[in-house]
Amino acid sequence: MINRSPKILVIKSDISELEKVENFIVEILNEFDLAQKYFNRIYLCVSEAVLNSIKHGNKNDKNKTVSIGIDCNMNEINVLIEDEGEGFDINTVEDPTLNENRNKESGRGIFFIKNLSNKLEYNEKGNRIQFKIECK
């Protein structure tokens with residue numbers, strides 16, 4: 001999905017690092033001259049994936065890192081986020097829109113990413129997510 005060398009940010013598995021992620025996205029929007037109206041959608045998807053990597057993937061282990069790669073071409077942003085965790089099976093994540101899951105806190109981030117992005121993929125291990133967001 002990412003054809004050339006993406007811009008890469010590597011952070012510690014600490015939610016305080018989300019400020020770096022926000023600044024990274026602002027830099028990318030500016031560098032590729034993308035409208036600010038895309039910021040919220042991009043930031044929501046990236047921050048949800050990063051939070052999942054920190055909390056579920058790396059289990060809040062500050063000795064582990066999360067890598068965020070972002071590339072922009074032809075009016076789309078391609079994002080690749082990878083953690084050092086053991087991974088998970090996307091098929092085991094419960095649908096947060098079902099009545100029996102509405103009060104559960106898990107599964108919402110993936111739901112948001114799936115609905116706000118134009119393409120979503122996980123690697124087989126489940127510790128790397130890739131998604132595309134069109135900016136037209």
# chains A, B, ... in the order shown; residues from 1 in each chain; ligands from 1
call {"tool": "residues_around", "arguments": {"residues": "stretch 88-96 of chain A", "least_positions_apart": "5", "cutoff": "6 Å", "atoms": "only C-alpha atoms", "output": "ChimeraX atom specification"}}
result
/A:101-102,107-108,126
call {"tool": "select_by_dssp", "arguments": {"residues": "stretch 6-56 of chain A", "states": "alpha helix (DSSP H)", "output": "ChimeraX atom specification"}}
result
/A:18-31,39-52
call {"tool": "write_last_selection", "arguments": {"atoms": "C-alpha atoms", "output": "compact mmCIF listing (two decimals), in the first residue's frame"}}
result
# COMPACT_ATOMS: atom_id res chain seq x y z
CA LEU A 18 0.23 11.10 21.47
CA GLU A 19 1.21 14.77 21.34
CA LYS A 20 4.12 13.77 19.09
CA VAL A 21 1.68 11.87 16.87
CA GLU A 22 -0.57 14.93 16.57
CA ASN A 23 2.39 17.15 15.63
CA PHE A 24 3.58 14.54 13.13
CA ILE A 25 0.21 14.57 11.36
CA VAL A 26 0.15 18.38 11.27
CA GLU A 27 3.63 18.34 9.68
CA ILE A 28 2.47 15.85 7.04
CA LEU A 29 -0.65 17.88 6.20
CA ASN A 30 1.51 20.97 5.79
CA GLU A 31 4.22 19.21 3.79
CA PHE A 39 -7.00 16.50 10.11
CA ASN A 40 -9.71 15.19 12.47
CA ARG A 41 -10.43 12.08 10.41
CA ILE A 42 -6.76 11.26 9.98
CA TYR A 43 -5.90 11.98 13.60
CA LEU A 44 -8.81 9.94 14.95
CA CYS A 45 -7.82 6.88 12.91
CA VAL A 46 -4.10 7.17 13.64
CA SER A 47 -4.54 7.90 17.36
CA GLU A 48 -7.00 5.00 17.81
CA ALA A 49 -4.56 2.61 16.11
CA VAL A 50 -1.65 3.96 18.16
CA LEU A 51 -3.62 3.67 21.41
CA ASN A 52 -4.49 0.06 20.54
call {"tool": "closest_residue", "arguments": {"among": "A:Lys104, A:Lys62, A:Lys132, A:Lys114", "to": "A:Ile11", "atoms": "only C-alpha atoms"}}
result
A:Lys62
call {"tool": "closest_residue", "arguments": {"among": "A:Thr97, A:Ser106, A:Asn78, A:Ser13", "to": "A:Leu120", "atoms": "only C-alpha atoms"}}
result
A:Asn78
call {"tool": "atom_distance", "arguments": {"atom1": "atom CA of A:Asn58", "atom2": "atom CA of A:Pro6"}}
result
22.7 Å
call {"tool": "residues_around", "arguments": {"residues": "A:Ser67", "least_positions_apart": "5", "cutoff": "7 Å", "atoms": "only C-alpha atoms", "output": "list of chain:residue names"}}
result
A:Ile8, A:Leu9, A:Val10, A:Ile11, A:Ile81, A:Glu82, A:Asp83
call {"tool": "select_by_dssp", "arguments": {"residues": "chain A", "states": "strand (DSSP E)", "output": "ChimeraX atom specification"}}
result
/A:7-12,65-73,76-83,119-122,128-134
call {"tool": "residues_around", "arguments": {"residues": "A:Glu76", "least_positions_apart": "5", "cutoff": "8 Å", "atoms": "only C-alpha atoms", "output": "mmCIF file with C-alpha atoms, in the first residue's frame"}}
result
data_model
loop_
_atom_site.group_PDB
_atom_site.id
_atom_site.type_symbol
_atom_site.label_atom_id
_atom_site.label_comp_id
_atom_site.auth_asym_id
_atom_site.auth_seq_id
_atom_site.Cartn_x
_atom_site.Cartn_y
_atom_site.Cartn_z
ATOM 1 C CA LYS A 132 -5.816 4.466 3.473
ATOM 2 C CA ILE A 133 -7.771 7.702 3.736
ATOM 3 C CA GLU A 134 -8.753 9.538 0.590
ATOM 4 C CA CYS A 135 -8.303 13.322 0.734
ATOM 5 C CA LYS A 136 -10.288 14.597 -2.256
#
